[in-house]
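All remarks here apply to the structure that follows.
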Amino acid sequence: MTIIEGMMSGFLQSISLSVIPYLFVGSLFGLVIGVIPGLSGHFAMAMAVTFLYSMEPGAGIAFILGAHATVAQGGGLTAILFSTPGTGQNAATLLDGPPMRDKGQAGYAVGAAMAACFLGATFGAVSLALLIPVLRQVVLFFGPPEIVVLAFLALTFVAVLGKEDMTRSLIAALLGLLLAMIGVDNVTNTERFTMGSDRLSDGLPLVPVILGLFAVAEMIDLWGRGGSLARHTSGPLSARDTQKQIFAGILVTFRHWWLVLRCSAIGTAMGLIPGLGSAPAAFVAYGHAKQTSKNKNEFGKGTVEGVIAPEASNDAVEGGALASTIAFGIPGSSSMAILLSGLFILGLETGPQMLNDNVDIIFIMIFTIIIGNLIGTIVGMFLVNPLSRATSIRSEIMVPVLLMVIVTGAFAGERSLFDIGIALFFGVFGYVMKILNYSRAALLIGFVLGFAVEKNLYLALLLDGPFFFTEPIPLGLSLFTILFLALNIRSVYRDRREVKA
Amino acid sequence: MRRTVLKGMAVALVASVTIGLGGIAHAEDAAEFYKGKAIKWIVPYKPGGGYDEYSRMIAPYMEKYTGARVDIVNMPGSGGMKGAVEIFNSPADGLHIGIINGSAMITNELAGIEGANYKVADYNFLGRIVADQRVLVTGTNSGIDSFEDMMTDGSTAVVGATGLGGSTYVDAVIVGEAFGIDQKVVHGFNSSSDIRTAMLRGDVHAMWGSLGSAAKGVTAGDHKIILHGEREPSGMLAGIPSVFDMAAEAEDADRKLAILDAWDGLSAVGRPVAAPPGVPADRLAFLRDAFAQAMQDPEFVAKTEETGRDIAFADGDRTGKIAKASTDLDETNRVLFVRAIKGEL
């Protein structure tokens with residue numbers, strides 16, 4: 001089967017009546033899971049996989065992948081409207097989404113986010129299609145030395161993230177790195193910072209930490225402040241105004257096509273790298289957008305570019321993440337591991353066999369991502385109106401209800417009471433950080449990347465010796481990192497001088 | 001008047017409840033007991049892995065032969081220990097069972113790892129779903145074509161492994177120790193998937209793994225199996241030397257075989273289904289019987305063949321004996337294994 005034949009057959013199968021209903025249900029399911037804080041794509045897939053036993057391959061793929069593909073979209077909605085990341089991927093959207101809502105531009109922000117998601121996902125999926133002939137080489141490009149350097153590069157974006165000052169961001173990022181070390185060290189089998197707790201020996205669970213840092217902290221803040229979620233606005237927008245804003249948001253995203261393209265490329269590339277996950281991709285894209293924007297000072301105060309960038313990249317990740325799963329049958333993330341076992345249940349082999357004989361299946365995946373996100377975008381727009389009304393509910397009612405949803409989300413992933421405790425602890429912690437003006441985004445990046453940096457550094461040292469970074473590719477990336485840091489430091493000093501002058 | 005009526009009703013109620021309970025306790029036939037009940041089946045890993053798949057595949061057939069509903073509960077944590085402890089400590093009413101990672105639970109118990117609060121030999125086993133068939137694979141681009149090559153080519157082979165005490169690690173160091181292989185074991189990979197990627201990149205030359213996960217790479221031409229731990233190899237393993245053949249031919253065969261026998265015991269436990277200690281004998285017998293029937297149900301067997309999942313059924317009695325044998329190591333082997341698990345070898 002040639003690639004063109006595979007594409008045609010994949011497309012026809014994707015829109016056939018035996019597949020599209022499953023795709024629709026899957027996408028809807030993913031969207032709803034995404035809207036609920038704490039329930040991630042991983043969770044959506046784990047739920048979906050149990051339904052696969054009686055499905056045909058095409059329908060099964062569309063169902064399970066559709067559920068995974070739209071999660072970030074639903075999560076973006078929650079992030080913008082309720083200051084609560086629906087999933088970890090949407091944490092970066094919190095930097096500019098909620099400020100836009102407070103300016104009375106909720107519809108505008110959501111429209112932009114939805115369109116950016118769709119475009120990003122499409123970019124990722126198309127890249128995957130274009131990469132098929134060289135997929136195996138591309139995936140093998142990243143070994144431990146390359147990943148260490150890339151993770152470091154991603155860490156340096158911390159410096160440009162927030163409106164907080166650089167020293168505080170660095171402190172937060174390093175604290176994040178320290179938090180990543182909690183648990184049994186896989187290499188030496190020693191327990192680090194577990195304080196004798198069995199539960200901590202697996203390390204801090206990511207989802208409850210994110211929920212605590214952003215969602216619970218926001219609830220504490222809202223409770224203390226009183227009033228409603230949407231500040232400075234006089235009551236909810238009318239349905240008509242919201243509609244108008246949504247279309248304006250979609251339009252403005254297309255007008256920023258160059259930014260969408262660059263951020264999608266960042267997302268896809270980071271998706272290709274095993275173990276980095278999609279939360280850092282969104283932050284790196286945000287940092288990049290801020291770096292290259294003409295109105296840097298608007299970032300963090302509610303600029304639409306700050307919403308477009310992370311939302312485009314966190315959906316573009318999907319296409320990249322699929323690459324190693326398809327090329328070798330080796331999953332790059334826990335969600336991909338579930339997808340792989342789903343394919344297994346459906347009787348499909350990944351790896352070279354799929355690349356040679358079942359190209360149509362790969363294209364079903366590609367079209368599932370695109371069509372699934374389109375469905376998500378359209379349905380998501382209908383969700384905006386009722387949800388945005390909720391943002392003007394008084395905090396006395398809003399906080400308990402949202403808190404209940406958040407706590408349930410923290411519990412549901414692993415069915416563990418301990419995780420609720422983690423979420424509440426980091427809620428207080430995040431609130432204190434917010435008051436003292438420390439960047440929670442920086443902490444999260446450090447936390448997410450810490451694991452990848454440490455593990456791959458160890459492997460790189462063992463495999464390639466202490467000078468692993470002198471090999472061509474890591475060397476090039478290292479130089480780029482240093483250059484990037486130097487530029488940042490220079491601009492910080494220049495800004496300071498300007499302030500003084 | 002009203003009071004007496006109430007009293008009378010209360011007495012009647014208490015009496016009928018007592019009689020009812022007594023009746024159940026007496027006429028209890030295990031099959032009757034399970035009818036309409038719910039069995040909680042614990043999977044100590046997240047949804048989507050092999051343990052989860054096996055469980056979900058067999059659950060409908062357990063339902064068919066017990067007459068009870070089977071609820072699968074995923075309980076991941078501490079490398080499968082959390083779920084294993086949960087099964088061990090759950091009520092011994094015959095309504096709480098689960099699948100465990102036999103070899104990992106045994107090695108953790110031997111090494112006295114924190115959190116290993118169970119005794120593998122004390123579980124009541126329903127039976128084994130599959131044995132772990134361990135194989136040593138090399139990358140086709142590694143220059144190592146056979147075990148002979150690995151031993152004689154004069155260069156140090158880099159063998160990838162996950163964490164200390166994980167099976168990829170224990171296999172590598174134990175077999176390496178038995179044969180005196182010139183190897184460098186690099187551990188710290190996140191998962192066996194990551195080791196496979198490293199092997200494809202040429203970062204490591206070889207790895208130990210289960211046949212199930214190696215098979216795909218072998219048919220794709222990415223890897224090659226050069227050694228395995230089966231006594232009666234069949235299928236893909238036919239014609240490939242086993243550790244036992246190699247040990248029998250080598251000098252110092254007795255010592256080698258003693259180590260390898262103990263090692264083999266670990267993988268023979270495989271993936272058993274276990275109930276906590278103290279389950280009433282009649283219910284255990286009934287569950288074992290139902291499990292045996294489920295494992296041999298033609299429809300189930302066909303399904304596993306269709307999805308390419310291996311099964312190697314052993315009944316509860318035999319599984320228990322295998323588990324006991326592998327926890328009862330002689331002193332030399334015990335010391336050796338504990339050192340291997342702790343990374344001191």
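As shown in the structure tokens, the chain order sets the letters A, B, ...; within each chain, residues go from 1, and ligands are also counted from 1 in the order they appear.
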Q: Using only C-alpha atoms, determine which residues of chain A fall within 8 Å of chain B; present them as a count of residues only.
A: 35
Can you list, as an mmCIF file with N, CA and C atoms, in the first residue's frame, all residues belonging to range 88-165 of chain B that DSSP tags as alpha helix (DSSP H)?
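Once everything was written out, this is selection09.cif:
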data_model
loop_
_atom_site.group_PDB
_atom_site.id
_atom_site.type_symbol
_atom_site.label_atom_id
_atom_site.label_comp_id
_atom_site.auth_asym_id
_atom_site.auth_seq_id
_atom_site.Cartn_x
_atom_site.Cartn_y
_atom_site.Cartn_z
ATOM 1 N N PHE B 88 -3.241 -9.220 49.824
ATOM 2 C CA PHE B 88 -2.807 -10.019 50.971
ATOM 3 C C PHE B 88 -3.629 -9.692 52.213
ATOM 4 N N ASN B 89 -3.951 -8.422 52.400
ATOM 5 C CA ASN B 89 -4.639 -7.987 53.616
ATOM 6 C C ASN B 89 -6.152 -7.893 53.470
ATOM 7 N N GLY B 102 4.405 -12.156 39.997
ATOM 8 C CA GLY B 102 5.036 -13.155 40.845
ATOM 9 C C GLY B 102 6.514 -12.928 41.095
ATOM 10 N N SER B 103 7.310 -12.845 40.014
ATOM 11 C CA SER B 103 8.753 -12.800 40.214
ATOM 12 C C SER B 103 9.178 -11.516 40.917
ATOM 13 N N ALA B 104 8.576 -10.383 40.550
ATOM 14 C CA ALA B 104 8.970 -9.125 41.186
ATOM 15 C C ALA B 104 8.602 -9.130 42.666
ATOM 16 N N MET B 105 7.422 -9.696 42.987
ATOM 17 C CA MET B 105 7.007 -9.711 44.387
ATOM 18 C C MET B 105 7.947 -10.605 45.204
ATOM 19 N N ILE B 106 8.410 -11.700 44.581
ATOM 20 C CA ILE B 106 9.327 -12.588 45.300
ATOM 21 C C ILE B 106 10.682 -11.906 45.516
ATOM 22 N N THR B 107 11.221 -11.286 44.464
ATOM 23 C CA THR B 107 12.524 -10.636 44.644
ATOM 24 C C THR B 107 12.424 -9.517 45.678
ATOM 25 N N ASN B 108 11.357 -8.743 45.651
ATOM 26 C CA ASN B 108 11.201 -7.674 46.638
ATOM 27 C C ASN B 108 11.127 -8.239 48.048
ATOM 28 N N GLU B 109 10.426 -9.370 48.178
ATOM 29 C CA GLU B 109 10.298 -9.985 49.494
ATOM 30 C C GLU B 109 11.663 -10.497 49.978
ATOM 31 N N LEU B 110 12.395 -11.158 49.070
ATOM 32 C CA LEU B 110 13.709 -11.690 49.436
ATOM 33 C C LEU B 110 14.643 -10.576 49.901
ATOM 34 N N PHE B 147 24.995 -15.908 21.412
ATOM 35 C CA PHE B 147 25.539 -15.883 22.758
ATOM 36 C C PHE B 147 27.034 -16.190 22.723
ATOM 37 N N GLU B 148 27.395 -17.083 21.804
ATOM 38 C CA GLU B 148 28.805 -17.420 21.550
ATOM 39 C C GLU B 148 29.607 -16.132 21.296
ATOM 40 N N ASP B 149 29.086 -15.310 20.387
ATOM 41 C CA ASP B 149 29.711 -14.019 20.052
ATOM 42 C C ASP B 149 29.921 -13.180 21.298
ATOM 43 N N MET B 150 28.861 -13.091 22.088
ATOM 44 C CA MET B 150 28.874 -12.224 23.256
ATOM 45 C C MET B 150 29.991 -12.653 24.203
ATOM 46 N N MET B 151 30.167 -13.979 24.321
ATOM 47 C CA MET B 151 31.162 -14.495 25.261
ATOM 48 C C MET B 151 32.578 -14.380 24.719
ATOM 49 N N THR B 152 32.731 -14.473 23.401
ATOM 50 C CA THR B 152 34.083 -14.625 22.858
ATOM 51 C C THR B 152 34.595 -13.420 22.091
#
Q: Provide the CA of Val252 in chain A to CA of Ala321 in chain A distance in Å, to one decimal place.
A: 28.0 Å
(Q) I'd like the neighbourhood of range 173-183 of chain A as a list in words, where a residue qualifies if any of its atoms comes within 6 Å (using only C-alpha atoms), though same-chain residues fewer than 5 positions away should be ignored. (A)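 Listed by chain and then number, they are Glu191, Arg192, Phe193, Thr194, Leu200, Ser201, Asp202, Gly203, Ala442, Leu443, Gly446, Phe447, Gly450 and Phe451 of chain A.
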(Q) Which residue is closest to Asn358 in chain A? Choose from A:Val71, A:Ile273, A:Ile3, A:Leu81 and count only C-alpha atoms. (A) A:Ile3
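For the pair CA of Leu52 in chain A and CA of Leu23 in chain A, the interatomic distance is 12.9 Å.
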Q: Please provide the set of residues having any atom within 7 Å of Val284 in chain A, restricted to only C-alpha atoms, with same-chain residues fewer than 3 positions apart removed, written as a PyMOL selection string.
A: chain A and resi 154+157+280-281+287-288
**Q.** Residue with smallest distance to Gly409 in chain A - pool A:Ile36, A:Ala215, A:Ile482, A:Leu95, counting only C-alpha atoms
**A.**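 Answer, going by the shortest atom-to-atom distance: A:Ile36.
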(Q) as an NGL selection string, please: the residues near range 127-134 of chain B (cut-off 9 Å, only C-alpha atoms, same-chain neighbours under 4 positions excluded). (A) :B and (54 or 99 or 103 or 171 or 208-212 or 227-230 or 264 or 266-274 or 288 or 291-292 or 295 or 310-320)
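Comparing the minimum interatomic distances between Phe337 in chain B and each of B:Val159, B:Ala38, B:Ala178, B:Val137, counting only C-alpha atoms, we find that B:Ala178 sits nearest.
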Q: Find the residues near Ala441 in chain A: any atom within 9 Å, counting only C-alpha atoms, skip ones fewer than 4 places away on the same chain, and give them as a list in words.
A: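 With the cut-off at 9 Å, the set is Ala91, Ala92, Leu95, Val158, Leu161, Gly162, Ser169, Ala172, Ala173, Phe283, Ile445 and Gly446 of chain A.
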Q | 6 Å contact set for range 359-374 of chain A, only C-alpha atoms, chain neighbours under 3 positions out, as a PyMOL selection string | A | chain A and resi 6-7+9-10+14+27+62+66+69-70+118+122+125+355+377
Q) For Thr87 in chain A, which of A:Glu471, A:Asp495, A:Glu311, A:Asp165 is the closest residue, counting only C-alpha atoms? A) A:Glu311
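Note that CA of Leu204 in chain A and CA of Glu454 in chain A are 15.5 Å apart.
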Q: From range 53-177 of chain B, collect each residue whose DSSP state is strand (DSSP E) and return the set as a PyMOL selection string.
A: chain B and resi 69-74+96-99+124-130+134-139+157-161
Same residues, C-alpha atoms, saved as a PDB file, in the first residue's frame:
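After the write, again16.pdb holds the following:
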ATOM      1  CA  ARG B  69     -19.888 -10.423  38.934  1.00  0.00           C
ATOM      2  CA  VAL B  70     -16.177  -9.608  38.619  1.00  0.00           C
ATOM      3  CA  ASP B  71     -15.220  -5.982  39.318  1.00  0.00           C
ATOM      4  CA  ILE B  72     -11.745  -5.075  38.165  1.00  0.00           C
ATOM      5  CA  VAL B  73     -10.051  -2.476  40.342  1.00  0.00           C
ATOM      6  CA  ASN B  74      -6.740  -0.965  39.286  1.00  0.00           C
ATOM      7  CA  HIS B  96     -11.313 -10.551  47.080  1.00  0.00           C
ATOM      8  CA  ILE B  97      -8.741 -11.776  44.587  1.00  0.00           C
ATOM      9  CA  GLY B  98      -6.217 -10.267  42.203  1.00  0.00           C
ATOM     10  CA  ILE B  99      -3.366 -10.780  39.810  1.00  0.00           C
ATOM     11  CA  ASN B 124      -3.932 -18.833  48.265  1.00  0.00           C
ATOM     12  CA  PHE B 125      -3.281 -19.198  44.567  1.00  0.00           C
ATOM     13  CA  LEU B 126      -6.113 -19.797  42.121  1.00  0.00           C
ATOM     14  CA  GLY B 127      -3.603 -20.577  39.424  1.00  0.00           C
ATOM     15  CA  ARG B 128      -1.174 -19.035  36.989  1.00  0.00           C
ATOM     16  CA  ILE B 129      -2.217 -17.267  33.802  1.00  0.00           C
ATOM     17  CA  VAL B 130       1.149 -17.147  32.134  1.00  0.00           C
ATOM     18  CA  ARG B 134      12.764 -14.634  29.709  1.00  0.00           C
ATOM     19  CA  VAL B 135      14.929 -13.979  26.679  1.00  0.00           C
ATOM     20  CA  LEU B 136      18.163 -12.109  26.009  1.00  0.00           C
ATOM     21  CA  VAL B 137      17.850  -9.969  22.890  1.00  0.00           C
ATOM     22  CA  THR B 138      20.468  -7.999  21.012  1.00  0.00           C
ATOM     23  CA  GLY B 139      20.043  -5.272  18.468  1.00  0.00           C
ATOM     24  CA  ALA B 157      28.719  -5.844  25.997  1.00  0.00           C
ATOM     25  CA  VAL B 158      26.523  -3.000  27.263  1.00  0.00           C
ATOM     26  CA  VAL B 159      23.299  -4.432  28.672  1.00  0.00           C
ATOM     27  CA  GLY B 160      20.426  -2.070  29.399  1.00  0.00           C
ATOM     28  CA  ALA B 161      18.175  -2.449  32.451  1.00  0.00           C
TER      29      ALA B 161
END
